[in-house]
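Peer 1: One file: my_file_33.cif (mmCIF, C-alpha atoms and all ligand atoms).
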```cif
data_model
loop_
_atom_site.label_atom_id
_atom_site.label_comp_id
_atom_site.auth_asym_id
_atom_site.auth_seq_id
_atom_site.Cartn_x
_atom_site.Cartn_y
_atom_site.Cartn_z
CA MET A 1 -27.98 24.85 83.44
CA SER A 2 -24.53 23.88 82.21
CA GLU A 3 -24.16 22.31 78.76
CA SER A 4 -22.96 18.99 80.20
CA MET A 5 -26.24 18.62 82.12
CA ASN A 6 -28.36 18.72 78.98
CA ALA A 7 -28.46 14.91 78.56
CA TYR A 8 -29.94 14.49 82.07
CA PHE A 9 -32.48 17.24 81.40
CA GLN A 10 -33.53 15.54 78.15
CA ARG A 11 -34.01 12.22 79.98
CA ARG A 12 -36.29 13.88 82.54
CA GLN A 13 -38.31 15.39 79.68
CA GLN A 14 -38.54 11.98 78.03
CA LEU A 15 -39.69 10.36 81.28
CA LEU A 16 -42.24 13.13 81.89
CA ALA A 17 -43.67 12.53 78.42
CA GLN A 18 -43.96 8.81 79.14
CA MET A 19 -45.64 9.48 82.49
CA GLN A 20 -48.11 11.70 80.66
CA ALA A 21 -48.74 8.93 78.13
CA HIS A 22 -49.64 6.70 81.12
CA GLY A 23 -52.25 9.21 82.26
CA GLY A 24 -49.97 11.51 84.25
CA GLY A 25 -48.88 11.51 87.86
CA ILE A 26 -45.94 11.96 90.17
CA ALA A 27 -42.59 10.11 90.16
CA ILE A 28 -40.24 9.77 93.12
CA VAL A 29 -36.60 8.74 92.57
CA PRO A 30 -34.27 8.66 95.60
CA THR A 31 -30.52 8.32 95.47
CA ALA A 32 -28.77 5.57 97.43
CA GLN A 33 -28.41 5.52 101.22
CA GLU A 34 -25.03 5.94 102.84
CA MET A 35 -24.08 2.57 104.33
CA THR A 36 -22.20 1.96 107.55
CA ARG A 37 -19.14 -0.26 107.11
CA ASN A 38 -18.12 -0.48 110.76
CA SER A 39 -18.01 1.87 113.74
CA ASP A 40 -18.51 5.36 112.32
CA ASN A 41 -17.02 4.49 108.94
CA THR A 42 -19.24 4.41 105.89
CA PHE A 43 -18.66 2.50 102.66
CA PRO A 44 -17.54 4.81 99.85
CA PHE A 45 -20.78 6.43 98.67
CA ARG A 46 -22.11 5.42 95.26
CA HIS A 47 -25.23 7.23 94.05
CA ASP A 48 -28.23 5.27 92.81
CA SER A 49 -28.00 4.57 89.08
CA TYR A 50 -31.61 5.59 88.26
CA PHE A 51 -31.25 8.80 90.23
CA TYR A 52 -27.96 9.62 88.55
CA TYR A 53 -29.36 8.80 85.10
CA LEU A 54 -32.00 11.50 85.58
CA SER A 55 -29.88 14.11 87.36
CA GLY A 56 -26.10 13.78 87.05
CA PHE A 57 -26.14 14.67 90.77
CA THR A 58 -23.72 12.70 92.95
CA GLU A 59 -24.36 13.92 96.52
CA PRO A 60 -26.01 11.63 99.08
CA GLU A 61 -29.32 12.57 100.77
CA ALA A 62 -31.10 13.63 97.60
CA LEU A 63 -34.32 12.78 95.79
CA ILE A 64 -36.03 13.76 92.55
CA VAL A 65 -39.74 14.44 92.15
CA LEU A 66 -41.20 14.64 88.65
CA ILE A 67 -44.73 15.89 88.12
CA ALA A 68 -46.67 15.35 84.88
CA ASN A 69 -50.23 16.58 85.28
CA GLY A 70 -51.44 17.61 81.86
CA SER A 71 -50.00 20.99 81.03
CA GLU A 72 -48.09 21.12 84.32
CA GLN A 73 -44.71 19.40 84.01
CA ARG A 74 -42.09 20.02 86.68
CA SER A 75 -38.88 18.46 87.91
CA ILE A 76 -37.87 19.12 91.50
CA LEU A 77 -34.67 18.25 93.35
CA PHE A 78 -34.42 17.76 97.11
CA CYS A 79 -30.82 17.92 98.37
CA ARG A 80 -28.67 18.82 101.36
CA GLU A 81 -28.55 22.43 102.43
CA LYS A 82 -25.42 24.46 101.98
CA ASP A 83 -23.52 24.11 105.30
CA LEU A 84 -20.14 25.82 105.57
CA GLU A 85 -19.45 24.13 108.90
CA ARG A 86 -20.08 20.59 107.51
CA GLU A 87 -18.20 21.43 104.32
CA ILE A 88 -15.03 21.95 106.37
CA TRP A 89 -15.33 18.28 107.40
CA ASP A 90 -16.99 16.57 104.42
CA GLY A 91 -16.33 18.80 101.42
CA PHE A 92 -18.36 20.87 99.00
CA ARG A 93 -22.12 20.56 98.67
CA TYR A 94 -24.22 22.51 96.19
CA GLY A 95 -27.22 23.41 98.28
CA PRO A 96 -30.67 23.73 96.65
CA ALA A 97 -30.24 27.11 94.95
CA ALA A 98 -26.96 26.33 93.17
CA ALA A 99 -28.05 22.75 92.38
CA GLN A 100 -31.28 23.95 90.79
CA ALA A 101 -29.41 26.32 88.48
CA GLN A 102 -26.50 23.97 87.69
CA PHE A 103 -28.56 20.82 87.07
CA GLY A 104 -31.53 22.47 85.36
CA PHE A 105 -34.37 21.66 87.76
CA ASP A 106 -37.52 23.78 87.93
CA ALA A 107 -37.23 23.96 91.71
CA ALA A 108 -35.02 22.65 94.51
CA TYR A 109 -35.66 22.32 98.25
CA PRO A 110 -33.63 21.22 101.26
CA ILE A 111 -34.01 17.49 101.89
CA GLU A 112 -35.35 18.40 105.36
CA ALA A 113 -38.40 19.93 103.63
CA LEU A 114 -39.39 16.59 102.09
CA ALA A 115 -41.92 15.68 104.79
CA SER A 116 -43.66 19.06 104.62
CA GLU A 117 -43.66 19.34 100.80
CA MET A 118 -44.57 15.80 99.75
CA PRO A 119 -48.25 15.70 100.82
CA THR A 120 -48.87 18.83 98.73
CA LEU A 121 -47.00 17.39 95.77
CA LEU A 122 -48.82 14.04 96.00
CA ALA A 123 -52.26 15.60 96.21
CA ASP A 124 -54.40 15.27 93.08
CA SER A 125 -51.83 13.18 91.19
CA LYS A 126 -53.46 10.27 89.38
CA THR A 127 -50.63 7.76 89.48
CA LEU A 128 -47.65 7.34 91.78
CA PHE A 129 -44.62 6.22 89.74
CA HIS A 130 -42.32 4.62 92.28
CA SER A 131 -40.12 1.55 92.71
CA SER A 132 -41.22 0.20 96.08
CA GLY A 133 -39.08 -2.31 97.92
CA THR A 134 -35.73 -0.71 97.18
CA ASP A 135 -35.73 1.85 100.03
CA ALA A 136 -37.70 0.66 103.07
CA GLN A 137 -37.39 4.00 104.85
CA LEU A 138 -38.83 5.87 101.88
CA ASP A 139 -41.65 3.31 101.51
CA THR A 140 -42.65 3.97 105.13
CA GLN A 141 -42.44 7.73 104.68
CA LEU A 142 -44.59 7.48 101.57
CA GLN A 143 -47.33 5.71 103.56
CA HIS A 144 -47.35 8.61 106.03
CA TRP A 145 -47.48 11.21 103.27
CA MET A 146 -50.32 9.40 101.53
CA GLU A 147 -52.21 9.28 104.86
CA ALA A 148 -51.65 13.01 105.23
CA VAL A 149 -53.24 13.57 101.80
CA ARG A 150 -56.13 11.20 102.60
CA ALA A 151 -56.81 13.16 105.80
CA LYS A 152 -57.59 16.19 103.63
CA ALA A 153 -60.07 14.30 101.43
CA ARG A 154 -62.99 16.31 102.74
CA SER A 155 -61.46 19.48 101.32
CA GLY A 156 -61.60 17.83 97.89
CA VAL A 157 -58.04 16.56 97.29
CA THR A 158 -57.41 13.03 96.06
CA VAL A 159 -54.53 10.61 96.61
CA PRO A 160 -52.88 8.78 93.71
CA GLY A 161 -55.25 5.93 92.87
CA LYS A 162 -52.60 3.55 91.59
CA THR A 163 -48.88 2.88 91.70
CA LEU A 164 -46.79 2.06 88.67
CA ASP A 165 -43.26 0.68 88.94
CA LEU A 166 -41.01 3.38 87.56
CA ARG A 167 -38.46 0.75 86.52
CA GLN A 168 -40.81 -0.35 83.74
CA LEU A 169 -40.16 3.00 82.06
CA LEU A 170 -36.57 3.68 83.11
CA ASP A 171 -35.11 0.23 82.41
CA GLU A 172 -36.11 0.44 78.78
CA MET A 173 -34.65 3.95 78.48
CA ARG A 174 -31.38 2.87 80.12
CA LEU A 175 -31.04 -0.15 77.82
CA PHE A 176 -30.36 2.13 74.86
CA LYS A 177 -27.15 4.11 75.34
CA ASP A 178 -26.84 7.60 73.87
CA ALA A 179 -23.65 9.10 72.43
CA SER A 180 -22.48 10.56 75.75
CA GLU A 181 -22.95 7.22 77.51
CA ILE A 182 -21.13 5.33 74.76
CA ALA A 183 -18.20 7.75 75.02
CA LEU A 184 -17.96 7.11 78.77
CA MET A 185 -18.21 3.35 78.31
CA GLN A 186 -15.44 3.53 75.70
CA SER A 187 -13.24 5.40 78.20
CA ALA A 188 -14.02 2.85 80.91
CA ALA A 189 -13.13 -0.02 78.55
CA ASN A 190 -9.91 1.69 77.46
CA ILE A 191 -8.74 2.12 81.06
CA SER A 192 -9.66 -1.45 81.94
CA GLY A 193 -7.87 -2.75 78.85
CA ALA A 194 -4.72 -0.90 79.87
CA ALA A 195 -5.08 -2.37 83.38
CA HIS A 196 -5.30 -5.91 82.00
CA ALA A 197 -2.21 -5.31 79.86
CA ARG A 198 -0.39 -3.93 82.90
CA ALA A 199 -1.29 -7.03 84.93
CA MET A 200 -0.07 -9.30 82.12
CA ARG A 201 3.24 -7.43 81.91
CA SER A 202 3.68 -7.56 85.69
CA ALA A 203 2.81 -11.23 86.19
CA ARG A 204 5.46 -13.65 87.38
CA PRO A 205 5.32 -17.04 89.04
CA GLU A 206 5.61 -16.84 92.86
CA MET A 207 3.71 -13.54 93.04
CA HIS A 208 0.43 -13.40 94.95
CA GLU A 209 -2.85 -12.85 93.17
CA TYR A 210 -3.36 -9.63 95.14
CA GLU A 211 -0.18 -8.15 93.69
CA LEU A 212 -1.81 -8.33 90.26
CA GLU A 213 -5.02 -6.89 91.72
CA ALA A 214 -2.89 -3.96 92.91
CA GLU A 215 -1.61 -3.42 89.35
CA LEU A 216 -5.22 -3.27 88.11
CA LEU A 217 -6.23 -0.77 90.79
CA HIS A 218 -3.14 1.32 90.08
CA GLU A 219 -4.04 1.68 86.42
CA PHE A 220 -7.74 2.32 87.16
CA ARG A 221 -6.99 5.21 89.50
CA ARG A 222 -4.00 6.52 87.57
CA GLN A 223 -6.30 7.11 84.60
CA GLY A 224 -9.07 8.75 86.62
CA SER A 225 -11.49 5.91 87.19
CA GLN A 226 -13.31 6.42 90.49
CA ALA A 227 -13.56 2.75 91.50
CA PRO A 228 -13.72 -0.83 90.23
CA ALA A 229 -17.18 -1.53 88.80
CA TYR A 230 -17.25 -4.80 90.82
CA GLY A 231 -14.86 -6.88 92.91
CA SER A 232 -11.85 -7.81 90.79
CA ILE A 233 -11.29 -11.54 90.29
CA VAL A 234 -7.62 -12.54 90.07
CA ALA A 235 -7.62 -16.34 90.04
CA ALA A 236 -4.55 -18.49 89.41
CA GLY A 237 -4.55 -22.21 88.69
CA ALA A 238 -7.49 -24.13 90.14
CA ASN A 239 -8.97 -20.89 91.58
CA ALA A 240 -9.96 -19.95 88.03
CA CYS A 241 -12.60 -22.68 88.20
CA ILE A 242 -14.35 -20.78 91.04
CA LEU A 243 -16.67 -18.50 89.11
CA HIS A 244 -17.01 -15.78 91.78
CA TYR A 245 -13.56 -16.17 93.36
CA GLN A 246 -13.00 -13.21 95.67
CA SER A 247 -10.06 -13.67 98.03
CA ASN A 248 -7.23 -13.06 95.51
CA ALA A 249 -4.80 -14.26 98.18
CA ALA A 250 -3.08 -17.32 96.71
CA ARG A 251 0.47 -17.62 95.45
CA ILE A 252 0.80 -18.00 91.68
CA LYS A 253 2.69 -21.07 90.50
CA ASP A 254 4.84 -21.54 87.40
CA GLY A 255 2.62 -23.23 84.82
CA ASP A 256 -0.62 -21.71 86.16
CA LEU A 257 -3.09 -19.95 83.95
CA ILE A 258 -4.31 -16.70 85.53
CA LEU A 259 -7.89 -15.59 84.97
CA ILE A 260 -8.55 -11.90 85.60
CA ASP A 261 -12.13 -10.59 85.49
CA ALA A 262 -11.90 -6.88 86.28
CA GLY A 263 -13.28 -3.61 85.01
CA CYS A 264 -13.32 -0.05 86.22
CA GLU A 265 -16.19 2.36 86.61
CA PHE A 266 -15.60 5.67 84.86
CA ASP A 267 -17.94 8.60 85.58
CA SER A 268 -20.57 6.07 86.74
CA TYR A 269 -20.31 3.73 83.72
CA ALA A 270 -19.02 0.18 84.03
CA SER A 271 -16.65 -1.94 82.01
CA ASP A 272 -16.31 -5.70 82.45
CA ILE A 273 -13.37 -7.50 80.84
CA THR A 274 -11.94 -10.97 81.38
CA ARG A 275 -8.60 -12.23 80.12
CA THR A 276 -6.75 -15.46 80.82
CA PHE A 277 -2.99 -15.79 80.39
CA PRO A 278 -0.08 -18.03 81.45
CA ALA A 279 1.81 -16.96 84.60
CA ASN A 280 5.15 -17.69 82.93
CA GLY A 281 4.30 -15.97 79.65
CA LYS A 282 3.96 -19.09 77.49
CA PHE A 283 0.82 -21.22 76.98
CA SER A 284 1.42 -24.97 77.35
CA PRO A 285 -0.01 -27.08 74.48
CA ALA A 286 -3.03 -28.15 76.59
CA GLN A 287 -3.63 -24.59 77.76
CA LYS A 288 -3.38 -23.31 74.21
CA THR A 289 -5.85 -25.91 72.94
CA LEU A 290 -8.56 -24.90 75.41
CA TYR A 291 -7.75 -21.19 75.17
CA GLU A 292 -8.19 -21.18 71.40
CA LEU A 293 -11.39 -23.16 71.77
CA VAL A 294 -12.85 -20.43 74.01
CA LEU A 295 -11.53 -17.77 71.63
CA THR A 296 -13.25 -19.49 68.69
CA ALA A 297 -16.46 -19.73 70.71
CA GLN A 298 -16.26 -16.01 71.45
CA ALA A 299 -15.73 -15.24 67.75
CA ALA A 300 -18.82 -17.30 66.92
CA ALA A 301 -20.86 -15.31 69.44
CA LEU A 302 -19.43 -12.02 68.17
CA ALA A 303 -20.56 -12.94 64.65
CA CYS A 304 -24.15 -12.94 65.96
CA ALA A 305 -23.83 -9.43 67.45
CA ARG A 306 -25.79 -7.32 64.97
CA PRO A 307 -29.17 -5.59 64.80
CA GLY A 308 -32.02 -8.04 64.30
CA ALA A 309 -30.24 -11.06 65.75
CA GLY A 310 -31.89 -12.69 68.76
CA TYR A 311 -30.29 -11.99 72.12
CA MET A 312 -29.57 -15.71 72.69
CA GLU A 313 -28.09 -16.46 69.25
CA GLY A 314 -24.59 -15.64 70.48
CA HIS A 315 -24.94 -17.97 73.45
CA HIS A 316 -26.15 -20.82 71.25
CA ALA A 317 -23.28 -20.24 68.80
CA ALA A 318 -20.73 -20.27 71.63
CA VAL A 319 -22.22 -23.40 73.19
CA ARG A 320 -22.04 -25.21 69.85
CA VAL A 321 -18.34 -24.40 69.36
CA LEU A 322 -17.47 -25.24 72.96
CA THR A 323 -19.37 -28.53 72.93
CA GLN A 324 -17.75 -29.55 69.65
CA GLY A 325 -14.37 -28.80 71.23
CA MET A 326 -15.24 -30.77 74.37
CA LEU A 327 -15.94 -33.80 72.20
CA GLU A 328 -12.74 -33.37 70.17
CA THR A 329 -10.52 -32.97 73.23
CA GLY A 330 -12.13 -35.87 75.09
CA LEU A 331 -13.49 -33.65 77.88
CA LEU A 332 -16.82 -35.18 76.88
CA ASP A 333 -16.90 -38.82 75.84
CA LYS A 334 -18.88 -39.46 72.63
CA ASN A 335 -19.75 -42.91 73.93
CA GLN A 336 -21.36 -41.32 76.97
CA VAL A 337 -22.99 -38.17 75.56
CA GLY A 338 -23.59 -39.12 71.92
CA SER A 339 -23.41 -36.70 69.00
CA LEU A 340 -22.82 -32.94 69.12
CA ASP A 341 -26.56 -32.29 68.89
CA ASP A 342 -27.23 -34.84 71.65
CA ALA A 343 -24.64 -33.21 73.92
CA ILE A 344 -26.19 -29.79 73.32
CA ALA A 345 -29.75 -31.07 73.85
CA SER A 346 -28.82 -32.84 77.11
CA MET A 347 -26.70 -29.85 78.22
CA ALA A 348 -23.78 -32.19 78.88
CA TYR A 349 -21.50 -29.20 78.22
CA ARG A 350 -22.64 -27.67 81.51
CA GLN A 351 -20.07 -29.79 83.33
CA PHE A 352 -17.48 -27.37 81.87
CA TYR A 353 -19.55 -24.33 80.82
CA MET A 354 -22.20 -23.55 83.38
CA HIS A 355 -22.96 -19.85 82.91
CA GLY A 356 -24.58 -17.63 80.30
CA THR A 357 -22.61 -15.86 77.59
CA GLY A 358 -23.28 -12.29 78.71
CA HIS A 359 -25.42 -9.56 80.21
CA TRP A 360 -26.40 -5.94 79.60
CA ILE A 361 -23.85 -3.44 80.89
CA GLY A 362 -24.11 0.30 81.54
CA LEU A 363 -24.46 2.31 84.75
CA ASP A 364 -24.57 -1.08 86.49
CA VAL A 365 -22.19 -3.85 85.52
CA HIS A 366 -25.19 -6.19 85.30
CA ASP A 367 -27.34 -3.49 83.82
CA VAL A 368 -31.11 -3.16 83.75
CA GLY A 369 -33.22 -3.96 80.73
CA ASP A 370 -35.55 -6.78 79.79
CA TYR A 371 -33.93 -9.70 77.97
CA ARG A 372 -37.28 -10.79 76.59
CA GLU A 373 -40.09 -9.32 74.54
CA THR A 374 -43.17 -8.08 76.42
CA HIS A 375 -45.52 -10.26 74.36
CA LYS A 376 -45.89 -14.01 74.71
CA VAL A 377 -45.52 -16.60 72.00
CA GLY A 378 -47.28 -19.68 73.32
CA ASN A 379 -46.42 -19.79 77.02
CA GLU A 380 -43.13 -17.92 76.73
CA ARG A 381 -41.88 -14.44 76.13
CA PRO A 382 -39.26 -14.81 73.38
CA TYR A 383 -35.81 -13.27 73.75
CA ARG A 384 -35.72 -9.83 72.21
CA LYS A 385 -33.81 -8.81 69.10
CA LEU A 386 -30.61 -6.81 69.34
CA GLU A 387 -30.88 -3.13 68.40
CA ALA A 388 -28.36 -0.34 67.90
CA GLY A 389 -27.41 1.30 71.20
CA MET A 390 -27.58 -1.85 73.32
CA VAL A 391 -24.34 -2.78 75.11
CA PHE A 392 -23.65 -6.22 76.52
CA THR A 393 -20.79 -8.58 77.34
CA ILE A 394 -19.78 -11.68 75.44
CA GLU A 395 -17.97 -14.00 77.83
CA PRO A 396 -17.76 -17.69 77.02
CA GLY A 397 -15.52 -19.85 79.17
CA ILE A 398 -14.46 -23.35 80.08
CA TYR A 399 -13.74 -24.65 83.58
CA VAL A 400 -12.24 -28.09 84.06
CA ARG A 401 -12.40 -29.56 87.54
CA PRO A 402 -10.48 -32.80 88.09
CA ALA A 403 -12.57 -35.90 87.47
CA GLU A 404 -11.71 -39.46 86.61
CA ALA A 405 -13.19 -39.38 83.12
CA VAL A 406 -11.50 -36.07 82.25
CA PRO A 407 -8.06 -36.07 80.56
CA GLU A 408 -5.57 -35.05 83.23
CA GLN A 409 -3.73 -32.52 81.07
CA TYR A 410 -6.79 -30.24 81.28
CA TRP A 411 -7.38 -30.50 85.03
CA ASN A 412 -7.76 -27.19 86.89
CA LEU A 413 -7.72 -25.03 83.78
CA GLY A 414 -10.24 -22.20 83.99
CA ILE A 415 -10.54 -19.91 80.98
CA ARG A 416 -12.89 -17.03 80.21
CA ILE A 417 -12.63 -14.32 77.55
CA GLU A 418 -14.96 -11.35 77.95
CA ASP A 419 -15.44 -8.18 75.92
CA ASP A 420 -17.93 -5.30 76.02
CA ILE A 421 -19.94 -5.03 72.81
CA LEU A 422 -21.98 -2.11 71.47
CA ILE A 423 -24.58 -2.90 68.81
CA THR A 424 -24.27 -0.37 65.96
CA PRO A 425 -26.53 0.14 62.92
CA GLU A 426 -23.97 -1.79 60.85
CA GLY A 427 -23.17 -4.60 63.29
CA HIS A 428 -21.17 -4.09 66.47
CA LEU A 429 -18.23 -2.28 67.98
CA ASN A 430 -16.05 -4.13 70.49
CA LEU A 431 -15.39 -1.45 73.14
CA SER A 432 -12.61 -3.56 74.69
CA ARG A 433 -10.96 -4.36 71.34
CA ASP A 434 -7.57 -3.01 72.47
CA THR A 435 -7.17 -5.51 75.30
CA PRO A 436 -4.61 -8.18 74.23
CA LYS A 437 -6.50 -11.36 73.41
CA THR A 438 -4.89 -13.78 70.95
CA VAL A 439 -2.21 -16.24 72.08
CA ALA A 440 0.32 -14.36 69.93
CA GLU A 441 -0.65 -10.94 71.37
CA ILE A 442 -0.52 -12.14 74.96
CA GLU A 443 2.78 -14.02 74.59
CA ALA A 444 4.39 -11.06 72.78
CA LEU A 445 3.26 -8.61 75.48
CA MET A 446 4.55 -10.87 78.25
CA GLN A 447 7.95 -11.14 76.52
CA THR A 448 8.42 -7.39 76.95
CA LYS A 449 8.36 -7.57 80.75
MN MN B 1 -19.43 -10.06 82.93
#
```
Would you put the structure from the file into structure tokens?
Peer 2:
Amino acid sequence: MSESMNAYFQRRQQLLAQMQAHGGGIAIVPTAQEMTRNSDNTFPFRHDSYFYYLSGFTEPEALIVLIANGSEQRSILFCREKDLEREIWDGFRYGPAAAQAQFGFDAAYPIEALASEMPTLLADSKTLFHSSGTDAQLDTQLQHWMEAVRAKARSGVTVPGKTLDLRQLLDEMRLFKDASEIALMQSAANISGAAHARAMRSARPEMHEYELEAELLHEFRRQGSQAPAYGSIVAAGANACILHYQSNAARIKDGDLILIDAGCEFDSYASDITRTFPANGKFSPAQKTLYELVLTAQAAALACARPGAGYMEGHHAAVRVLTQGMLETGLLDKNQVGSLDDAIASMAYRQFYMHGTGHWIGLDVHDVGDYRETHKVGNERPYRKLEAGMVFTIEPGIYVRPAEAVPEQYWNLGIRIEDDILITPEGHLNLSRDTPKTVAEIEALMQTK
């Protein structure tokens, strides 16, 4: 096994130990399916995040089996056979023998051997650790394999008596990032930060949104990122008020603010950064007022990012700052919504701030991991406390759609500021700290174009 595969090996050992602690059994983790785009074209293949987390293996048509039965602990890889003919067309594939050695598995078999091997592997395992419902084809196959084991019951073998969702174990492991994961997420954030700066430098009125998207993609790929972690949002003017704007096709006007929500994936780890800047390089007074309000809200949320703080504290801090600002700017009318506390209690702010302040991020841009404790207090599971190794986004925003009661100078302004935050033992580290963010930084950068 190569040195770089050690982290994946350790995770399999950790999972095996947890399976044993649950009484032992067999775990099945498939990678993703190749998906048809149209005709005989497939979408670019992206491995399953759980599968990758446990293997580091990126080929399609592969599956991991882990067995923890008391003293017997094994990890087995099923993968495509070596095929020199296919490799001329599709490129290199390891084949079971090389993959077993390189990735540190105890055994490896051709994926074609799955149907013949699985009934034997399933036999006499107490618990089946599996995430059903994510791969319909595998779920069906599993039923057949279980039937095959049941058919041999008279010879004394038993089928797994219960199924446990593997995600219960893996999500909690994935929530806490180790040093190698943090290094990759830092690289992803650095590349994305450079891409945002490139887009800011390139922006001019009369360009199309997609021209800025092209600048982002250029920087992602130029620095070795494999793909965007999600569809880039490049939204000028009123489009910035569409939270999941996708078309990126409009022409940018002088005086528009441009909201870009884009992040690359680097060696399977996501980044997710949002910046908002003026198309012509200079914030108008109204734009600056709302921009600095969102920036202050983000700072308030950042101040809550430390071990021991509740996950929702940052959101509440951001909401308080934003709501206060909405009252001061006249976006919300005191005579209508009452005091700051009233406006927070009635959620009047949701007219202009209708989303949460962040999410876990890791192998998936909206990463796995429970946001709440497992135990209940009263009828509710409380939000969990932040701990070192967790990574999440902080992304307050404000979106002003035209309305009669809303001051016209703010109409069609959409602003969001988003960074990727690692909780450290001392507090936090902003992974996207190098992405220009203050009014002064953004205006200075745009002067240099
Ligand atoms: Mn986000």
Peer 1: Give me the box for stretch 337-347 of chain A as JSON, namely the centre and edge lengths in Å to one decimal of a box along x, y and z that holds every listed atom plus 5 Å on each side.
Peer 2:
```
{"center_x": -26.3, "center_y": -34.5, "center_z": 73.6, "size_x": 16.9, "size_y": 19.3, "size_z": 19.3}
```
Peer 1: Which residues are near A:Thr435? Cut-off 7 Å, all atoms listed in the file, ignore same chain within fewer than 6 positions. Put them as a list in words.
Peer 2: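 My reading of the contact set: Gly193, Ala194, His196 and Ala197 of chain A.
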Peer 1: Ranking A:Gly356, A:Gly308, A:Gly427, A:Pro402 by minimum distance to ligand MN 1 (chain B) and counting all atoms listed in the file, which one comes first?
Peer 2: A:Gly356
Peer 1: Using all atoms listed in the file, can you tell me which of A:Arg275, A:Arg306, A:Arg381, A:Lys177 comes closest to A:Ala7?
Peer 2: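 Of the candidates, the smallest distance to A:Ala7 is held by A:Lys177.
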Peer 1: Nearest residue to A:Gly263 out of A:Met185, A:Leu322, A:Ala300, A:Ala286, using all atoms listed in the file?
Peer 2: A:Met185
Peer 1: Name the residues, by chain letter and number, that sit within 8 Å of ligand MN 1 (chain B) using all atoms listed in the file, and give them as a list in words.
Peer 2: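 Based on all atoms listed in the file, ligand MN 1 (chain B) is surrounded within 8 Å by Asp261, Asp272, Ile273, Thr274, Gly358, His359, Val365, His366, Thr393, Ile394, Glu395 and Glu418 of chain A.
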Peer 1: Tell me, in Å to one decimal, how far atom CA of A:Thr296 is from atom CA of A:Ala318.
Peer 2: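 Those two atoms sit 8.1 Å apart.
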Peer 1: Between A:Ala279, A:Ala188, A:Met19, A:Ala240, which has the minimum distance to A:Gln447 (counting all atoms listed in the file)?
Peer 2: A:Ala279
Peer 1: One decimal, Å: what's the distance from atom CA of A:Ala123 over to atom CA of A:Gly70, could you say?
Peer 2: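 Answer for the atom CA of A:Ala123 to atom CA of A:Gly70 separation: 14.5 Å.
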Peer 1: Could you list as an MDAnalysis selection string every residue that has an atom within 6 Å of (-23.6, 1.2, 74.6), using the file's coordinates and counting all atoms listed in the file?
Peer 2: chainID A and resid 177 182 389:391 422
Peer 1: What does the distance from atom CA of A:Ser49 to atom CA of A:Ala32 come to in Å, to one decimal?
Peer 2: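 Here the two named atoms are 8.4 Å from each other.
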Peer 1: When distances are computed from all atoms listed in the file, which of A:Thr374, A:Gln226, A:Thr424, A:Gln141 shows the smallest separation from A:Arg46?
Peer 2: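 Counting all atoms listed in the file, the residue closest to A:Arg46 is A:Gln226.
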Peer 1: Using only C-alpha atoms, which residue out of A:Thr42, A:Ser247, A:Gln102, A:Thr323 lies closest to A:Leu293?
Peer 2: A:Thr323
Peer 1: Find the residues near A:Ala115: any atom within 10 Å, counting all atoms listed in the file, skip ones fewer than 4 places away on the same chain, and give them as a VMD selection string.
Peer 2: chain A and resid 111 119 to 120 141 to 142 144 to 145
Peer 1: Using only C-alpha atoms, tabulate the residues of stretch 1-66 of chain A lying at most 9 Å from any atom of stretch 128-135 of chain A, each with its closest atom pair and that distance in Å to one decimal, by chain and increasing residue number, as CSV.
Peer 2:
```
residue,atom,partner,partner_atom,distance
A:Met19,CA,A:Phe129,CA,8.0
A:Gly24,CA,A:Leu128,CA,8.9
A:Gly25,CA,A:Leu128,CA,5.9
A:Ile26,CA,A:Leu128,CA,5.2
A:Ala27,CA,A:Phe129,CA,4.4
A:Ile28,CA,A:His130,CA,5.6
A:Val29,CA,A:His130,CA,7.1
A:Pro30,CA,A:Asp135,CA,8.3
A:Ala32,CA,A:Asp135,CA,8.3
A:Gln33,CA,A:Asp135,CA,8.3
```
Peer 1: With a distance cut-off of 10 Å and all atoms listed in the file, select the neighbouring residues of A:Arg204, excluding the residue or stretch itself and same-chain residues fewer than 4 positions from it, and output the selection as a PyMOL selection string.
Peer 2: chain A and resi 199-200+208+212+252-254+278-281+446+449
Peer 1: Take the point (-25.0, 25.2, 79.7) in the file's coordinates, draw a sphere of radius 10 Å around it, and report as a list in words every protein, DNA or RNA residue with an atom inside or on it, counting all atoms listed in the file.
Peer 2: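 The answer, in the requested form, is Met1, Ser2, Glu3, Ser4, Met5, Asn6, Ala101, Gln102, Phe103 and Gly104 of chain A.
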